[in-house]
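Participant: Next comes input_23.csv, CSV, C-alpha atoms:
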```
chain,number,residue,atom,x,y,z
A,170,LYS,CA,-64.2,-85.3,-8.2
A,171,SER,CA,-65.2,-84.2,-11.7
A,172,HIS,CA,-65.1,-80.6,-10.6
A,173,GLU,CA,-61.6,-81.1,-9.0
A,174,HIS,CA,-60.4,-82.7,-12.2
A,175,ASP,CA,-61.7,-79.9,-14.4
A,176,SER,CA,-60.1,-77.4,-12.0
A,177,LYS,CA,-56.8,-79.1,-12.3
A,178,GLU,CA,-57.0,-79.3,-16.1
A,179,THR,CA,-57.8,-75.6,-16.2
A,180,LYS,CA,-54.9,-74.7,-14.0
A,181,VAL,CA,-52.5,-76.8,-16.1
A,182,ALA,CA,-53.7,-75.1,-19.3
A,183,LEU,CA,-53.5,-71.6,-17.9
A,184,GLU,CA,-50.0,-72.2,-16.5
A,185,LEU,CA,-48.8,-73.5,-19.9
A,186,VAL,CA,-50.1,-70.4,-21.7
A,187,GLY,CA,-48.5,-68.3,-19.0
A,188,ASP,CA,-45.1,-70.1,-19.5
A,189,VAL,CA,-45.3,-69.4,-23.2
A,190,GLU,CA,-46.1,-65.7,-22.7
A,191,MET,CA,-43.4,-65.3,-20.1
A,192,SER,CA,-40.7,-66.9,-22.3
A,193,ALA,CA,-41.8,-64.4,-25.0
A,194,GLY,CA,-41.4,-61.5,-22.6
A,195,ASN,CA,-45.1,-60.8,-22.5
A,196,TYR,CA,-45.2,-60.4,-18.7
A,197,SER,CA,-48.6,-58.7,-18.4
A,198,SER,CA,-50.3,-61.5,-20.3
A,199,ALA,CA,-48.3,-64.2,-18.4
A,200,LEU,CA,-49.4,-62.6,-15.2
A,201,VAL,CA,-53.0,-62.8,-16.1
A,202,HIS,CA,-52.8,-66.5,-16.9
A,203,PHE,CA,-50.6,-67.4,-13.8
A,204,THR,CA,-52.9,-65.4,-11.5
A,205,LYS,CA,-56.0,-67.3,-12.8
A,206,ALA,CA,-54.2,-70.6,-12.5
A,207,PHE,CA,-53.1,-69.8,-8.9
A,208,LYS,CA,-56.8,-69.0,-8.0
A,209,CYS,CA,-57.5,-72.7,-8.9
A,210,CYS,CA,-55.2,-73.6,-6.0
A,211,ILE,CA,-56.9,-71.4,-3.4
A,212,GLY,CA,-58.5,-73.6,-0.7
A,213,LEU,CA,-56.4,-76.6,-1.6
A,214,SER,CA,-53.6,-78.0,0.5
A,215,PRO,CA,-50.2,-76.3,-0.3
A,216,THR,CA,-48.0,-78.2,-2.7
A,217,LEU,CA,-44.6,-77.5,-4.3
A,218,LEU,CA,-46.4,-77.1,-7.6
A,219,SER,CA,-48.8,-74.4,-6.3
A,220,CYS,CA,-45.8,-72.6,-4.7
A,221,ASN,CA,-43.9,-72.8,-8.0
A,222,LEU,CA,-46.9,-71.2,-9.6
A,223,ALA,CA,-47.1,-68.4,-7.0
A,224,LEU,CA,-43.4,-67.9,-7.6
A,225,LYS,CA,-44.1,-67.3,-11.3
A,226,VAL,CA,-46.7,-64.7,-10.3
A,227,ALA,CA,-44.1,-63.0,-8.1
A,228,LYS,CA,-41.6,-63.0,-10.9
A,229,CYS,CA,-44.0,-61.4,-13.3
A,230,TYR,CA,-44.8,-58.6,-10.9
A,231,ALA,CA,-41.0,-58.1,-10.5
A,232,TYR,CA,-40.5,-57.9,-14.2
A,233,LEU,CA,-43.4,-55.3,-14.3
A,234,GLN,CA,-41.6,-53.5,-11.4
A,235,ASP,CA,-44.6,-53.9,-9.0
A,236,TRP,CA,-42.3,-54.6,-6.1
A,237,THR,CA,-44.9,-54.6,-3.4
A,238,LEU,CA,-47.1,-57.2,-5.0
A,239,SER,CA,-44.0,-59.3,-5.8
A,240,ILE,CA,-43.0,-59.3,-2.2
A,241,ASP,CA,-46.6,-60.1,-1.1
A,242,TYR,CA,-46.6,-63.2,-3.2
A,243,LEU,CA,-43.1,-64.2,-2.0
A,244,SER,CA,-44.4,-63.9,1.6
A,245,GLU,CA,-47.4,-66.1,0.6
A,246,ILE,CA,-45.0,-68.7,-0.7
A,247,GLU,CA,-43.0,-68.7,2.5
A,248,ARG,CA,-46.3,-69.2,4.5
A,249,ARG,CA,-47.3,-72.1,2.3
A,250,ALA,CA,-43.9,-73.7,2.3
A,251,SER,CA,-43.9,-73.9,6.1
A,252,LEU,CA,-46.7,-76.5,5.7
A,253,ILE,CA,-44.8,-78.6,3.1
A,254,ARG,CA,-42.1,-81.1,3.8
A,255,ASN,CA,-38.7,-80.9,2.1
A,256,SER,CA,-39.3,-77.3,1.1
A,257,ASP,CA,-35.7,-76.0,1.8
A,258,GLU,CA,-34.9,-75.7,-1.8
A,259,LEU,CA,-38.1,-73.8,-2.5
A,260,LEU,CA,-37.3,-71.4,0.3
A,261,ASN,CA,-33.8,-70.9,-1.2
A,262,GLN,CA,-35.6,-69.9,-4.5
A,263,VAL,CA,-37.9,-67.5,-2.6
A,264,GLN,CA,-34.9,-65.9,-0.9
A,265,PHE,CA,-33.1,-65.5,-4.2
A,266,GLU,CA,-36.1,-63.8,-5.8
A,267,LEU,CA,-36.5,-61.6,-2.7
A,268,ALA,CA,-32.9,-60.5,-3.1
A,269,SER,CA,-33.4,-59.8,-6.7
A,270,VAL,CA,-36.4,-57.6,-5.9
A,271,LEU,CA,-34.5,-55.7,-3.2
A,272,PHE,CA,-31.6,-55.2,-5.5
A,273,ALA,CA,-33.8,-53.8,-8.2
A,274,MET,CA,-35.4,-51.5,-5.6
A,275,GLY,CA,-32.0,-50.1,-4.7
A,276,GLN,CA,-31.8,-51.9,-1.3
A,277,LYS,CA,-28.4,-53.4,-2.4
A,278,ALA,CA,-27.0,-54.0,1.1
A,279,LYS,CA,-30.0,-56.1,2.2
A,280,ALA,CA,-29.9,-57.9,-1.2
A,281,VAL,CA,-26.2,-58.8,-0.9
A,282,LEU,CA,-26.7,-60.3,2.6
A,283,ILE,CA,-29.3,-62.7,1.2
A,284,TYR,CA,-27.3,-63.4,-1.9
A,285,ALA,CA,-24.1,-64.1,0.1
A,286,ASP,CA,-26.0,-66.5,2.4
A,287,LEU,CA,-27.3,-68.4,-0.6
A,288,LEU,CA,-24.1,-68.5,-2.5
A,289,ASP,CA,-21.5,-68.8,0.3
A,290,GLY,CA,-23.3,-70.8,2.9
A,291,ASN,CA,-24.3,-74.5,3.0
A,292,ASP,CA,-27.5,-73.8,1.1
A,293,GLY,CA,-25.4,-72.1,-1.6
A,294,LYS,CA,-23.8,-75.4,-2.5
A,295,LYS,CA,-27.2,-77.1,-2.9
A,296,VAL,CA,-28.5,-74.2,-5.0
A,297,GLY,CA,-25.4,-74.2,-7.2
A,298,GLU,CA,-25.5,-77.9,-7.9
A,299,SER,CA,-29.0,-77.7,-9.1
A,300,CYS,CA,-28.8,-74.6,-11.3
A,301,ASN,CA,-29.0,-76.6,-14.5
A,302,ASP,CA,-31.5,-79.3,-13.4
A,303,VAL,CA,-34.9,-79.6,-15.0
A,304,CYS,CA,-37.6,-80.8,-12.6
A,305,THR,CA,-41.3,-80.1,-12.7
A,306,THR,CA,-42.0,-80.6,-9.0
A,307,HIS,CA,-39.1,-78.6,-7.5
A,308,VAL,CA,-38.0,-75.0,-7.8
A,309,HIS,CA,-34.3,-74.5,-8.8
A,310,LEU,CA,-32.1,-71.6,-9.6
A,311,SER,CA,-31.5,-71.4,-13.3
A,312,SER,CA,-28.1,-70.7,-14.8
A,313,ILE,CA,-29.2,-67.1,-15.6
A,314,GLU,CA,-30.4,-66.5,-12.0
A,315,TYR,CA,-27.2,-68.0,-10.5
A,316,PHE,CA,-25.2,-65.8,-13.0
A,317,ARG,CA,-27.0,-62.7,-11.9
A,318,ALA,CA,-26.7,-63.4,-8.2
A,319,HIS,CA,-22.9,-63.7,-8.5
A,320,MET,CA,-22.6,-60.6,-10.7
A,321,ASN,CA,-24.8,-58.5,-8.4
A,322,CYS,CA,-22.7,-59.6,-5.4
A,323,GLY,CA,-19.5,-58.9,-7.2
A,324,ASN,CA,-20.6,-55.4,-8.2
A,325,CYS,CA,-21.6,-54.6,-4.6
A,326,PHE,CA,-18.4,-55.9,-3.1
A,327,ILE,CA,-16.0,-54.0,-5.5
A,328,GLU,CA,-15.7,-51.0,-3.2
A,329,SER,CA,-15.9,-52.8,0.2
A,330,ASN,CA,-14.3,-56.3,-0.2
A,331,ILE,CA,-12.4,-56.8,-3.5
A,332,GLU,CA,-11.5,-60.4,-2.7
A,333,ARG,CA,-15.2,-61.4,-2.4
A,334,ALA,CA,-15.9,-59.3,-5.5
A,335,GLN,CA,-13.2,-61.2,-7.4
A,336,LYS,CA,-14.6,-64.5,-6.3
A,337,HIS,CA,-18.2,-63.7,-7.3
A,338,LEU,CA,-17.3,-62.1,-10.7
A,339,LEU,CA,-15.1,-65.1,-11.6
A,340,GLU,CA,-17.9,-67.4,-10.7
A,341,ALA,CA,-20.3,-65.4,-12.9
A,342,ALA,CA,-17.7,-65.6,-15.7
A,343,SER,CA,-17.4,-69.4,-15.3
A,344,ILE,CA,-21.1,-69.8,-15.6
A,345,CYS,CA,-21.1,-67.5,-18.7
A,346,LEU,CA,-18.3,-69.4,-20.4
A,347,SER,CA,-20.1,-72.7,-19.9
A,348,ASP,CA,-23.1,-71.4,-21.8
A,349,PRO,CA,-22.6,-70.5,-25.5
A,350,ILE,CA,-24.1,-67.3,-26.6
A,351,GLY,CA,-26.9,-67.6,-29.2
A,352,ASP,CA,-30.6,-67.6,-29.8
A,353,ASP,CA,-31.1,-70.5,-27.4
A,354,SER,CA,-28.8,-69.1,-24.7
A,355,CYS,CA,-30.2,-67.7,-21.4
A,356,ILE,CA,-27.1,-65.4,-21.0
A,357,SER,CA,-27.2,-62.6,-23.6
A,358,HIS,CA,-24.4,-60.7,-25.4
A,359,SER,CA,-25.3,-57.6,-23.4
A,360,MET,CA,-25.0,-59.5,-20.1
A,361,VAL,CA,-21.5,-60.7,-21.0
A,362,LEU,CA,-20.5,-57.1,-21.8
A,363,LYS,CA,-22.0,-55.9,-18.5
A,364,LEU,CA,-19.9,-58.6,-16.7
A,365,ALA,CA,-16.8,-57.5,-18.7
A,366,THR,CA,-17.4,-53.9,-17.4
A,367,SER,CA,-17.6,-55.2,-13.9
A,368,LEU,CA,-14.3,-57.0,-14.3
A,369,GLN,CA,-12.7,-53.8,-15.7
A,370,ASN,CA,-13.8,-51.9,-12.6
A,371,LEU,CA,-12.3,-54.6,-10.4
A,372,ILE,CA,-9.0,-54.6,-12.3
A,373,LYS,CA,-8.5,-51.0,-11.3
A,374,LYS,CA,-8.2,-52.3,-7.8
A,375,TYR,CA,-5.3,-54.7,-8.6
A,376,ASP,CA,-2.8,-52.9,-6.4
A,377,PHE,CA,-4.6,-54.4,-3.4
A,378,MET,CA,-4.6,-58.0,-4.9
A,379,GLY,CA,-1.1,-58.3,-6.5
A,380,ARG,CA,0.0,-58.7,-10.1
A,381,ASP,CA,-0.9,-62.3,-10.6
A,382,ALA,CA,-4.5,-61.5,-9.5
A,383,GLU,CA,-4.6,-58.7,-12.0
A,384,HIS,CA,-3.3,-61.0,-14.7
A,385,SER,CA,-5.9,-63.6,-13.9
A,386,LEU,CA,-8.7,-61.0,-14.1
A,387,GLN,CA,-7.5,-59.3,-17.2
A,388,SER,CA,-7.0,-62.7,-18.9
A,389,MET,CA,-10.6,-63.7,-18.0
A,390,LEU,CA,-11.8,-60.3,-19.3
A,391,GLY,CA,-10.1,-61.1,-22.7
A,392,ILE,CA,-11.7,-64.6,-22.7
A,393,LEU,CA,-15.1,-63.1,-22.1
A,394,PHE,CA,-14.7,-60.8,-25.1
A,395,VAL,CA,-13.7,-63.8,-27.1
A,396,HIS,CA,-16.8,-65.7,-25.9
A,397,CYS,CA,-19.1,-62.9,-27.2
A,398,GLU,CA,-16.9,-62.5,-30.4
A,399,GLU,CA,-15.7,-59.0,-29.5
A,400,TYR,CA,-12.2,-59.9,-30.9
A,401,GLN,CA,-10.7,-56.4,-31.1
A,402,SER,CA,-11.6,-55.8,-27.4
A,403,ALA,CA,-10.2,-59.2,-26.6
A,404,ILE,CA,-6.9,-58.5,-28.4
A,405,ARG,CA,-6.5,-55.3,-26.4
A,406,GLU,CA,-6.9,-57.0,-23.1
A,407,LEU,CA,-4.9,-60.1,-24.0
A,408,GLU,CA,-2.0,-58.0,-25.4
A,409,ALA,CA,-1.8,-56.0,-22.1
A,410,THR,CA,-2.0,-59.3,-20.1
A,411,LEU,CA,0.7,-60.9,-22.1
A,412,GLN,CA,3.1,-58.0,-21.9
A,413,ASP,CA,2.8,-57.9,-18.1
A,414,GLN,CA,2.9,-61.7,-17.7
A,415,LYS,CA,6.1,-62.0,-19.6
A,416,THR,CA,7.8,-59.5,-17.3
A,417,THR,CA,6.3,-60.2,-13.9
A,418,SER,CA,4.5,-63.5,-13.8
A,419,ARG,CA,5.9,-66.7,-12.5
A,420,ASN,CA,3.0,-68.7,-14.0
A,421,GLN,CA,4.3,-69.8,-17.4
A,422,VAL,CA,1.3,-72.0,-18.0
A,423,ALA,CA,-0.8,-68.8,-17.8
A,424,VAL,CA,1.5,-67.2,-20.3
A,425,ALA,CA,1.0,-70.2,-22.7
A,426,THR,CA,-2.7,-69.9,-22.3
A,427,THR,CA,-2.7,-66.2,-23.1
A,428,LEU,CA,-0.5,-66.8,-26.1
A,429,HIS,CA,-3.0,-69.3,-27.4
A,430,ASN,CA,-6.0,-67.1,-26.8
A,431,LEU,CA,-4.4,-64.1,-28.4
A,432,GLY,CA,-3.3,-66.1,-31.4
A,433,ASN,CA,-6.8,-67.4,-31.8
A,434,CYS,CA,-8.2,-63.9,-31.8
A,435,TYR,CA,-5.8,-62.7,-34.5
A,436,LEU,CA,-6.8,-65.8,-36.5
A,437,GLU,CA,-10.5,-64.9,-36.1
A,438,VAL,CA,-9.9,-61.3,-37.4
A,439,GLY,CA,-7.8,-62.7,-40.3
A,440,ASN,CA,-4.4,-61.5,-39.2
A,441,ILE,CA,-2.6,-64.8,-39.8
A,442,LYS,CA,0.9,-63.4,-39.7
A,443,LEU,CA,0.5,-62.3,-36.1
A,444,ALA,CA,-1.5,-65.4,-35.2
A,445,VAL,CA,1.1,-68.0,-36.2
A,446,PRO,CA,4.1,-67.0,-34.1
A,447,LEU,CA,1.9,-66.6,-31.0
A,448,LEU,CA,0.4,-70.1,-31.5
A,449,GLU,CA,3.8,-71.6,-32.2
A,450,GLU,CA,5.2,-70.1,-29.0
A,451,SER,CA,2.2,-71.3,-27.0
A,452,MET,CA,2.5,-74.9,-28.3
A,453,ALA,CA,6.3,-74.9,-27.6
A,454,LEU,CA,5.7,-73.7,-24.0
A,455,GLY,CA,2.9,-76.2,-23.5
A,456,LYS,CA,5.0,-79.1,-24.6
A,457,VAL,CA,7.7,-78.2,-22.0
A,458,LEU,CA,5.4,-77.3,-19.2
A,459,LEU,CA,2.5,-79.7,-19.6
A,460,GLY,CA,4.0,-82.5,-21.7
A,461,GLN,CA,4.0,-83.5,-25.3
A,462,GLU,CA,0.6,-85.3,-25.0
A,463,SER,CA,-1.4,-82.8,-23.1
A,464,ILE,CA,-4.9,-81.7,-24.2
A,465,ASP,CA,-3.8,-78.1,-24.2
A,466,VAL,CA,-1.1,-78.9,-26.7
A,467,ALA,CA,-3.7,-80.7,-28.9
A,468,ASP,CA,-6.0,-77.6,-28.7
A,469,THR,CA,-3.2,-75.3,-29.8
A,470,ALA,CA,-2.1,-77.7,-32.5
A,471,HIS,CA,-5.6,-77.7,-33.9
A,472,THR,CA,-5.8,-73.8,-33.9
A,473,LEU,CA,-2.3,-73.6,-35.4
A,474,ALA,CA,-3.4,-76.0,-38.2
A,475,GLN,CA,-6.2,-73.7,-39.1
A,476,ALA,CA,-3.7,-70.8,-39.4
A,477,TYR,CA,-1.4,-72.9,-41.6
A,478,GLY,CA,-4.4,-74.0,-43.7
A,479,ALA,CA,-5.3,-70.3,-44.2
A,480,MET,CA,-1.7,-69.8,-45.5
A,481,SER,CA,-2.0,-72.7,-47.8
A,482,ASN,CA,0.6,-74.6,-45.9
A,483,THR,CA,-1.3,-77.8,-46.3
A,484,ASP,CA,1.4,-80.3,-45.2
A,485,GLU,CA,2.1,-78.6,-41.9
A,486,ALA,CA,-1.7,-78.2,-41.3
A,487,ILE,CA,-2.3,-81.9,-41.9
A,488,SER,CA,0.6,-82.9,-39.6
A,489,LEU,CA,-0.7,-80.7,-36.8
A,490,LEU,CA,-4.3,-82.0,-37.2
A,491,GLN,CA,-3.0,-85.6,-37.0
A,492,LEU,CA,-1.1,-84.7,-33.8
A,493,ALA,CA,-4.2,-83.1,-32.2
A,494,LEU,CA,-6.3,-86.2,-33.2
A,495,ARG,CA,-3.8,-88.7,-31.8
A,496,ILE,CA,-3.5,-86.8,-28.5
A,497,ARG,CA,-7.3,-86.6,-28.1
A,498,MET,CA,-7.8,-90.2,-28.9
A,499,GLN,CA,-5.2,-91.3,-26.4
A,500,SER,CA,-6.7,-89.0,-23.8
A,501,PHE,CA,-10.1,-90.6,-24.3
A,502,GLY,CA,-8.7,-94.1,-24.3
A,503,MET,CA,-9.4,-94.7,-28.0
```
Show the structure stored in the file as structure tokens.

Facilitator:
Amino acid sequence: KSHEHDSKETKVALELVGDVEMSAGNYSSALVHFTKAFKCCIGLSPTLLSCNLALKVAKCYAYLQDWTLSIDYLSEIERRASLIRNSDELLNQVQFELASVLFAMGQKAKAVLIYADLLDGNDGKKVGESCNDVCTTHVHLSSIEYFRAHMNCGNCFIESNIERAQKHLLEAASICLSDPIGDDSCISHSMVLKLATSLQNLIKKYDFMGRDAEHSLQSMLGILFVHCEEYQSAIRELEATLQDQKTTSRNQVAVATTLHNLGNCYLEVGNIKLAVPLLEESMALGKVLLGQESIDVADTAHTLAQAYGAMSNTDEAISLLQLALRIRMQSFGM
């Protein structure tokens, strides 16, 4: 029993060091520690924890581009998981990692079949719902893994099935927008720009989807640029979206949203004269379409107040801030 206890303590310590090294991007060092920790599990009954450890080893090999050993460990996890109850979610994770390895190896057709099964099937719902969970005894898809799966699928479907491409890329964008970019974020600035490029490639196919679909994608593209503070790029996309929306779109709520986003971009780059009329038009449309007390009206009022404040129009700024506060308090039942 003392030997088993020491072995368990050693495994835990090795895995913790491996986690630190992996989070720092030191995959070779992480691999050494994870492999030593996994050896402590050899001969013991398979558990979700030991499978989770083997998965970390497989990921390290994948990061180091040793695809064969990564796949070997994934196969070992599948073998062990077959002996464990309630291992469906673990197997989902193994399938996801296998798809990622195949995608990196250039076997994109095989990878997409696995991704699509995870994301579109019944298991996909389970995986998606758990993407932000934190649990030490189960293996979940993280936000970044879920983001990459959707983006990889979207990129592969652009040439063959643009409706599915649109679905997956917009899902990736939604995940991205729910995660602020920064030092603590799992989705980096470069990843957002890569997704933006994918959306630009898809927009070129808009003739097959209709004008409203194009507007929706171009607007999302502009919002992504706002999200990563690429305001000049956002202005370019949102200006084009607004021009088309005003002449062809029946969705006036979308027009109001684009006006708000574009006005906010001009505010961010210090062009107050262009920001104010856009925000005023957005708020006027919002009041008509969504009601005087809608949250969207409050959001635009708050942004417009910032613009008036920058112009030293203090009275108007205070009035709009009071309006925004009153609407939000009513909305939250305060």

Participant: Would you pick out the contacts of region 385-388 of chain A at 9 Å or less, using all atoms listed in the file, so that residues sharing its chain but fewer than 2 positions from it are not included, and give the list as a list of chain:residue names?

Facilitator: A:Gln335, A:Leu339, A:Leu368, A:Gln369, A:Leu371, A:Ile372, A:Arg380, A:Asp381, A:Ala382, A:Glu383, A:Leu390, A:Gly391, A:Ile392, A:Leu393, A:Glu406, A:Leu407, A:Ala409, A:Thr410, A:Leu411, A:Ala423, A:Thr427

Participant: Quick check, in Å to one decimal: how far apart do CA of Thr416 (chain A) and CA of Ala403 (chain A) lie?

Facilitator: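 So the two atoms, CA of Thr416 (chain A) and CA of Ala403 (chain A), lie 20.3 Å apart.
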
Participant: CA of Val226 (chain A) and CA of Ala280 (chain A), how far apart in Å?

Facilitator: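 So the answer is 20.3 Å.
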
Participant: Residues near Lys205 (chain A), anyone? I mean within 9 Å using all atoms listed in the file, not counting same-chain ones fewer than 4 positions away, as a VMD selection string.

Facilitator: chain A and resid 180 183 to 184 200 to 201 209

Participant: Suppose you want the space between CA of Asn330 (chain A) and CA of Ala285 (chain A); what is it in Å?

Facilitator: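 A separation of 12.5 Å between them.
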
Participant: Set the distance at 8 Å and use only C-alpha atoms: which residues neighbour Val263 (chain A) once local chain neighbours fewer than 6 positions away are removed? I'd like the list as a ChimeraX atom specification.

Facilitator: /A:224,243,246-247

Participant: Nearest residue to Thr237 (chain A) out of A:Val424, A:Val270, A:Cys220, A:Ile344, using all atoms listed in the file?

Facilitator: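 Checking each of A:Val424, A:Val270, A:Cys220, A:Ile344 against Thr237 (chain A), counting all atoms listed in the file, the winner is A:Val270.
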
Participant: Residues within 12 Å of Gln461 (chain A), please, as a ChimeraX atom specification. Count only C-alpha atoms; anything in the same chain fewer than 5 positions from it doesn't count.

Facilitator: /A:452-456,466-467,469-470,492-493,495-496

Participant: Between A:Leu490, A:Ile240, A:Ala193, A:Ala479, which one has atoms that come closest to Lys442 (chain A), using all atoms listed in the file?

Facilitator: A:Ala479

Participant: Need to verify the contact set: Tyr232 (chain A), 12 Å, only C-alpha atoms, exclusion of same-chain residues closer than 2 positions in sequence. Can you return it as a list in words?

Facilitator: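 Non-adjacent residues within range: Met191, Gly194, Asn195, Tyr196, Ser197, Ala199, Leu200, Lys225, Val226, Ala227, Lys228, Cys229, Tyr230, Gln234, Asp235, Trp236, Leu238, Ser239, Glu266, Ser269, Val270, Ala273 and Met274 of chain A.
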